[in-house]
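Peer 1: The following block contains the structure, expressed as structure tokens.
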Amino acid sequence: MKIINKITVKDFKKNKSRVIVTIIAVIISVSLITIVANMVASIEKTVNSYFEKQYGNYDISLIFDPSNKNSIKKLELNRKIQSLYIMQDIGLSPFEDSKSEFRKAIDIKAYNEEAYKECFDFVLKEGRFPKNSNEVVLSKNFINFSNKKYNVGDKITLDVGIYNIGNDIDYIFPLYESPFDGECNFVKSFKKTYTITGILERGQSQAEEEEREYASDYYDRIVNVYTYTDLTDITETAYKKTDVRPEDLSESWKAVYPQRIYIKLSDGDNSSLSFLSRLTGIDISSLNDYFYSECYDKTEVEQKLNDCEFNIWGVEINDSLHRYSISSKYIIFYTGVAVIIIIMISSILIIKNAFSISVTEKTVLYGRLATMGATPEQIRNNVFFEGLIFGIIGIPIGLIIGIWGTSFAAGLTNSAIFSLLDGMTLEIEISWISAVISLILGAATIFLSCLSVAVKASNVSPIESVRRNRDIKINKSSKKNLRQPLWIDKIFGIGGKIAWRNMKRSRRQYRTTVISVTAVVAVLICVASFINYTLYLFNQNTVDYKYNMSIDPDFSEFNDNSILDKTEDIYLSVSAYDDIDNYYYYFNSSSYTYTIPKTNLSKEIKKAQWVDGYVASDNDVQSDMQSVGFTDFFSVYAYDDKTYRELLKKCGCRYEDMKDKAIFVNSINAGYEDKNDKENPIKEYTCRLMDNPVGCTVSAKSIYEEYADRPYEISIEIGGEITDMSLLYDIVEEWDISEGGFIVNIDWLKENYIYFDLNSGMRLNSSKPDKTEKELSILAEYISLSNRSNDMQKPYSMLLLIQFSVYGLISAISLIGITNIVNTVLMNTRLRQKEYAMLRSVGMTRHEFNRMTLLECLFYTIKSLLIGISLGLVGTGIIHYFYSGTFNPDGSENPIPFMFPWESAVISAAAVTVTVLSVVAFSVRKVHKQNIIETIRNDNI
Amino acid sequence: MEILKVENLVKTYKEGNDEFNAVDDISFSVEKGEFVAVMGASGSGKSTLMHMIGGVDRPTSGKIFIDGKEINTMDNNKLAIFRRRQIGIVYQFYNLIPILTSEENITLPIELDGRKPDKDKIEEVMERLGILDKRNSLPNELSGGQQQRVAIARAIINNPTILLADEPTGNLDTGAADEIVKIFKMTNKNYKQTIMMITHNPEIAKEADRILRIKDGKLVKEA
């Protein structure tokens, strides 16, 4: 080993505490980087998995003639394709053992093995996926709605066929009709006995999810069973048995033709259009317009798709997956990069300080080496050698702790993420790439930390070691600065005088401590500000449900007013459940319109050029308001009795007076264009619709003329009005009342046959929402229940996750910072041993000495705190500017207030002050134990 | 043969707006094998002169030639290499590396040069200086005289062109001081080592071939 490096190693043994502290700083830095790198990879993987399960792990889906086996073979051989997943509709079967009168059929679909495992969100509760077309897995809804119990290994025999309406043989189950009532016939194609190989916990493909949005009538009537298909042999299906040829199918049926191929490209999302272009021979520009241009005539491309060798009937690009996975990837990646940069900057500042201390301690040594002929380069390389030693020891330990820390951090955050991602848990990804990145960044951190210090060390002049006057140079100008203010003398005496002058003349010695304290305080304040602003935005933008459960019926199949009574009975029975704390329900209909005569319109509404909810005529709203008046939907709302009474109270109306009268919600959103205001011409405002509505009678006409058994015209007197919507939102949710609506007694609604186009809902708060959800799981087929408690939890889980991550980061940075403060204070004390010994030798008492060191400590700590808090203030200002510019660029409506984290500032200031004082007290105790003359003499050796 | 030549050497220090010349236009030369003593009162500039000749400090103006090479124009790297190969310096306060043993201190210039020390030569030098038995001792385990001998051994191990000593006996008792002077004398006589030594002690100065007197930065008289 080179002699200089040997000296360094020996020096390490002499200064174990400094070396250990520096290595600890390296370990913390590397472990933090490792944790962040691994967490970024893990979160990215988890989020990708989540979106793949949500939207399907594929890039393109194709619908084409299943008998075209060559097409499939060609696709198999295509090198651009990573995976092929196939879905095939097998047919329908009557659900003989159904518990529910509504669940009438079994929908049998087939997937290949890869589709089950990789493409869609199929999760087995027990058993395994089917491996051939004689095996099936049963869905959860099948098990729930079947009277007969099935286990894995049992056999199930099904008549497989199709349903049609009348005499038409529809190749496909009807989407928009009610397929299973009365007019429907089941046409059997074949009988098949399947072996049950598994039962699903969860399972649905994206195709089903999309179809469900459009065909809820259908999906609410069927249960699912899944079998196997593969690309080599097209499984027998009910649809093949018909005589209908593909070209006879109407456009709307093509979308659900039984064979669909899902393609996962090896290049991923970027190449979907170019892949399709190469596959079909259609140019990319036409394909781009076909998918993304709303005005484009799609006929030509569709014809080309049909005519190409693959004979494609339908194609879809999985934009949802691409969009969410790309944007998530960027967010996660760049957040990780930002966090790592913060860690590196903090670590560099702190480790650099440690090297500075080392060099300062070894200035005399470096000077002596220089007199012996050590070149500046040799001395510089010696500092790098020190860094290398720290790296060799610290980096591997940091990596190991980082890997363990990743598991720990992932375990802690899983409960927050669990609810956030609908049952997903964080998939920990600890890869060699993360380890390599951490190693490189850790090494870079150490290198950057010692770079400037190495240069400084190499510039140590040999004469410095000879003259030994490196730290005190007092010239005429600095002499003036040494004078302390009078009050220092008066209050603190000789100790304060020396402390003040020491601080003034030895700035270099204190610089490292000042930087450490300043950095810790400033970083803590900035991070606390970031959390404050994020919290604020979350609270502003989070939907604050007043009620954690919601019941929403669908009346579209019902056309008589018995449904209103039936539904109300259900609501009332629900309200009697044990855990329901409070609730309300409502009915609403908007199947009539009415016109406010122009003479009754308010002044403010008359100047509007557009109005929310305006029932358009051939003229614009202004012309109508000037000629006739304002026409709006007669939107009536009826609530349960308790809620209705509360609403009446808000309006100052008596229940007894309001039996056949309505409360008018006299508030509307409107706007106009002010051509004189060039900067902000669009003026939007909320105003009253009518002047003096109370006492007016509103006459409304039905929008439907053809139903003779409904009243064509109805009227009601306005008994009260409310203009402030916020008063209503105190009682009901804002989507359960509209501006310009009429609040009526529920009996009036029933008496006046207002059940056409009926909407309804019940909102309830349960103290045990999950339990209530189970109890209410089967209300009625036309009613759906949603448990909002998980949704309400999500943003707060996200918040918890952010807070945990950020506070975890703060703690780690604070640990590094405080380690460094301890290091620098101890080192400064050691460097001034001789000075302290001399002061004691000339007669300074213990008490005076303690006071002097305490004052010095307070002076530079206060200085550091002032700088640190000021920097924190600047940082908060930058964060405020960034958030305002991003989330409120117009500066309008709800400007984001400036928020300085005073509590965090006080806590961080107190923490560093206590740390510094403790360390100084400790080192002063050591000084008192030293022998005066030996200390002075030892400095010469 | 001229081994050292100093021409119009000046070293100026600034104190606020004032300037003063610690070394004020000094010129002289030293022949190979000469033993020169430098005397002067405290603050006369003799140490400053010695430091500049040793390449440890830079002159404000003037030239210094050692073995024909002008050292004041060398950059720091070249000067450091020159210093470890061609110049030996002994200080009043020894300036040993506290964490190296005596032997390691002695071989320091050789190892800085990237060469392997010649064990035999080291032993010979250490024996010559009477410190062979202290080869594994740390500086704080040695007496002042022993430390100074280690410093001398370090200075002469590379057979320097010139050996500079800045009050080498200033921190030693009479007995130790005499020993050190004897060592210098012996080195000069037996090995033709050119030596330039600063001393306050006229008795020690008498041992030299020539005495340079410095007063207020100027060369006063050669004796």
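Residues are referred to by chain and number: the chain letter is A, B, ... according to the order shown in the structure tokens, the number counts from 1 in that chain, and ligands are numbered separately from 1 in the order shown.
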Contacts of segment 743-753 of chain A at 6 Å or less, counting only C-alpha atoms, minus same-chain residues fewer than 5 places along, as a list in words?
Peer 2: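 Residues near the query, excluding close chain neighbours: Val636, Tyr637, Ala638, Ala662 and Ile663 of chain A.
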Peer 1: Hey, could you make a per-residue contact list for chain A against chain B with 7 Å as the cut-off, showing the nearest pair of atoms and its distance in Å to one decimal, counting only C-alpha atoms, sorted by chain and number, as a tab-separated table?
Peer 2:
```
residue	atom	partner	partner_atom	distance
A:Ile3	CA	B:Glu111	CA	6.0
A:Ile7	CA	B:Ile99	CA	7.0
A:Lys10	CA	B:Ile99	CA	6.6
A:Leu365	CA	B:Ile97	CA	6.8
A:Arg368	CA	B:Asn95	CA	6.6
A:Ala370	CA	B:Ala80	CA	6.6
A:Thr371	CA	B:Val56	CA	6.3
A:Met372	CA	B:Arg84	CA	5.5
A:Gly373	CA	B:Arg84	CA	4.2
A:Ala374	CA	B:Ala80	CA	5.9
A:Thr375	CA	B:Asn77	CA	5.1
A:Pro376	CA	B:Asn77	CA	6.2
A:Pro462	CA	B:Val56	CA	5.7
A:Ile463	CA	B:Val56	CA	5.7
A:Asn475	CA	B:Gly16	CA	6.2
A:Lys476	CA	B:Gly16	CA	5.6
A:Ile941	CA	B:Pro98	CA	6.3
```
Peer 1: From a DSSP calculation on the backbone, collect every residue of segment 100-154 of chain B in helix (DSSP H, G or I) and output the set as number ranges by chain.
Peer 2: B: 102-112, 119-128, 132-134, 139-141, 144-154
Peer 1: Which residues are near Tyr586 of chain A? Cut-off 7 Å, only C-alpha atoms, ignore same chain within fewer than 3 positions. Put them as a VMD selection string.
Peer 2: chain A and resid 637 to 640 760 to 762
Peer 1: Please indicate the distance in Å from atom CA of Asn188 of chain B to atom CA of Leu164 of chain B, rounded to one decimal place.
Peer 2: 12.1 Å
Peer 1: Figure out the distance between atom CA of Glu76 of chain A and atom CA of Phe120 of chain A, please, to one decimal in Å.
Peer 2: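 Separation between atom CA of Phe120 of chain A and atom CA of Glu76 of chain A: 19.6 Å.
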Peer 1: Would you mind listing what lies within 7 Å of Val30 of chain B as a tab-separated table (two decimals) with N, CA, C and O atoms, in the first residue's frame, with only C-alpha atoms counted and same-chain residues fewer than 5 positions away left out?
Peer 2:
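Wrote part31.tsv, looks like this:
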```
chain	number	residue	atom	x	y	z
B	2	GLU	N	29.33	25.06	-7.88
B	2	GLU	CA	28.22	25.75	-7.21
B	2	GLU	C	27.04	24.82	-7.12
B	2	GLU	O	26.51	24.38	-8.14
B	3	ILE	N	26.59	24.58	-5.90
B	3	ILE	CA	25.42	23.70	-5.74
B	3	ILE	C	24.17	24.52	-5.48
B	3	ILE	O	23.07	24.09	-5.77
B	4	LEU	N	24.35	25.69	-4.87
B	4	LEU	CA	23.22	26.57	-4.58
B	4	LEU	C	23.60	27.98	-4.99
B	4	LEU	O	24.67	28.45	-4.66
B	5	LYS	N	22.69	28.63	-5.72
B	5	LYS	CA	22.91	30.02	-6.07
B	5	LYS	C	21.62	30.79	-5.87
B	5	LYS	O	20.56	30.39	-6.36
```
Peer 1: Of the candidates A:Val359, A:Leu158, A:Val26, A:Ile867, which shows the shortest atom-to-atom distance to Gly391 of chain A, using only C-alpha atoms?
Peer 2: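 Closest residue, counting only C-alpha atoms: A:Val26.
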Peer 1: Restricting the calculation to only C-alpha atoms, which member of A:Ala25, A:Ile428, A:Tyr150, A:Leu535 is positioned closest to Trp404 of chain A?
Peer 2: A:Ile428
Peer 1: For a quick check of understanding, using only C-alpha atoms, which of A:Tyr860, A:Phe898, A:Phe587, A:Phe849 has the smallest distance to Phe492 of chain A?
Peer 2: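 The closest residue to Phe492 of chain A is A:Phe849.
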Peer 1: Restricting the calculation to only C-alpha atoms: of B:Ser44, B:Val6, B:Gln148, B:Ile195, which residue gets closest to Leu172 of chain B?
Peer 2: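 Selected residue with least distance to Leu172 of chain B: B:Gln148.
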Peer 1: Taking 6 positions as the minimum chain separation for residues in the same chain, which residues sit within 8 Å of Asn136 of chain B when counting only C-alpha atoms? Answer as a list in words.
Peer 2: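 Those residues are Thr101, Ser102 and Glu103 of chain B.
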Peer 1: Got time to write the residues from that selection, all heavy atoms, as a tab-separated table (two decimals), in the first residue's frame?
Peer 2:
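So the final result, stored in selection-v1.tsv, reads:
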```tsv
chain	number	residue	atom	x	y	z
B	101	THR	N	6.14	4.90	12.40
B	101	THR	CA	7.31	4.55	13.22
B	101	THR	C	8.52	5.32	12.71
B	101	THR	O	8.47	5.98	11.67
B	101	THR	CB	7.59	3.05	13.13
B	101	THR	OG1	7.89	2.74	11.75
B	101	THR	CG2	6.41	2.22	13.58
B	102	SER	N	9.58	5.18	13.45
B	102	SER	CA	10.82	5.89	13.05
B	102	SER	C	11.25	5.47	11.66
B	102	SER	O	11.56	6.31	10.81
B	102	SER	CB	11.95	5.55	14.03
B	102	SER	OG	11.56	5.88	15.34
B	103	GLU	N	11.24	4.17	11.41
B	103	GLU	CA	11.68	3.67	10.11
B	103	GLU	C	10.77	4.19	9.00
B	103	GLU	O	11.24	4.60	7.94
B	103	GLU	CB	11.70	2.14	10.11
B	103	GLU	CG	12.29	1.58	8.80
B	103	GLU	CD	12.52	0.08	8.87
B	103	GLU	OE1	12.39	-0.52	9.96
B	103	GLU	OE2	12.82	-0.50	7.81
```
Peer 1: Env of Thr913 of chain A: 7 Å cut, atoms = only C-alpha atoms, seq-sep filter 4 positions within chain, self excluded. Answer as a list in words.
Peer 2: Thr861, Ala909 and Leu917 of chain A
Peer 1: Please, could you write that set of residues out with N, CA, C and O atoms as a PDB file, in the first residue's frame?
Peer 2:
```
ATOM      1  N   THR A 861     -25.571  28.575  16.836  1.00  0.00           N
ATOM      2  CA  THR A 861     -26.842  27.863  16.605  1.00  0.00           C
ATOM      3  C   THR A 861     -27.934  28.841  16.197  1.00  0.00           C
ATOM      4  O   THR A 861     -28.689  28.572  15.252  1.00  0.00           O
ATOM      5  N   ALA A 909     -36.148  23.494  15.088  1.00  0.00           N
ATOM      6  CA  ALA A 909     -35.217  24.395  15.770  1.00  0.00           C
ATOM      7  C   ALA A 909     -34.905  23.874  17.168  1.00  0.00           C
ATOM      8  O   ALA A 909     -33.736  23.833  17.580  1.00  0.00           O
ATOM      9  N   LEU A 917     -26.485  21.515  22.016  1.00  0.00           N
ATOM     10  CA  LEU A 917     -26.153  21.785  23.424  1.00  0.00           C
ATOM     11  C   LEU A 917     -25.708  20.503  24.129  1.00  0.00           C
ATOM     12  O   LEU A 917     -24.755  20.512  24.921  1.00  0.00           O
TER      13      LEU A 917
END
```
Peer 1: Could you pull the residues within 12 Å of Ala338 of chain A, counting only C-alpha atoms, minus those fewer than 6 positions along the same chain, as a short mmCIF file (atom, residue, chain, number, x, y, z; two decimals) with N, CA and C atoms, in the first residue's frame?
Peer 2:
```cif
data_model
loop_
_atom_site.label_atom_id
_atom_site.label_comp_id
_atom_site.auth_asym_id
_atom_site.auth_seq_id
_atom_site.Cartn_x
_atom_site.Cartn_y
_atom_site.Cartn_z
N ILE A 33 -31.19 5.40 -0.66
CA ILE A 33 -31.26 5.35 -2.12
C ILE A 33 -31.76 3.98 -2.55
N VAL A 36 -35.52 3.67 -1.89
CA VAL A 36 -36.31 4.45 -2.85
C VAL A 36 -36.29 3.77 -4.21
N ALA A 37 -35.12 3.31 -4.66
CA ALA A 37 -35.02 2.66 -5.96
C ALA A 37 -35.90 1.42 -6.00
N VAL A 40 -39.63 2.36 -5.91
CA VAL A 40 -40.08 2.84 -7.21
C VAL A 40 -40.37 1.66 -8.13
N TYR A 330 -44.50 7.57 -15.47
CA TYR A 330 -43.77 8.84 -15.40
C TYR A 330 -43.84 9.44 -14.01
N ILE A 331 -45.04 9.42 -13.44
CA ILE A 331 -45.21 10.03 -12.11
C ILE A 331 -44.33 9.31 -11.09
N ILE A 332 -44.41 7.98 -11.13
CA ILE A 332 -43.67 7.21 -10.12
C ILE A 332 -42.17 7.39 -10.33
N MET A 344 -29.48 12.52 -2.21
CA MET A 344 -28.07 12.68 -2.60
C MET A 344 -27.54 14.04 -2.19
N ILE A 345 -28.33 15.08 -2.43
CA ILE A 345 -27.86 16.43 -2.08
C ILE A 345 -27.63 16.53 -0.57
#
```
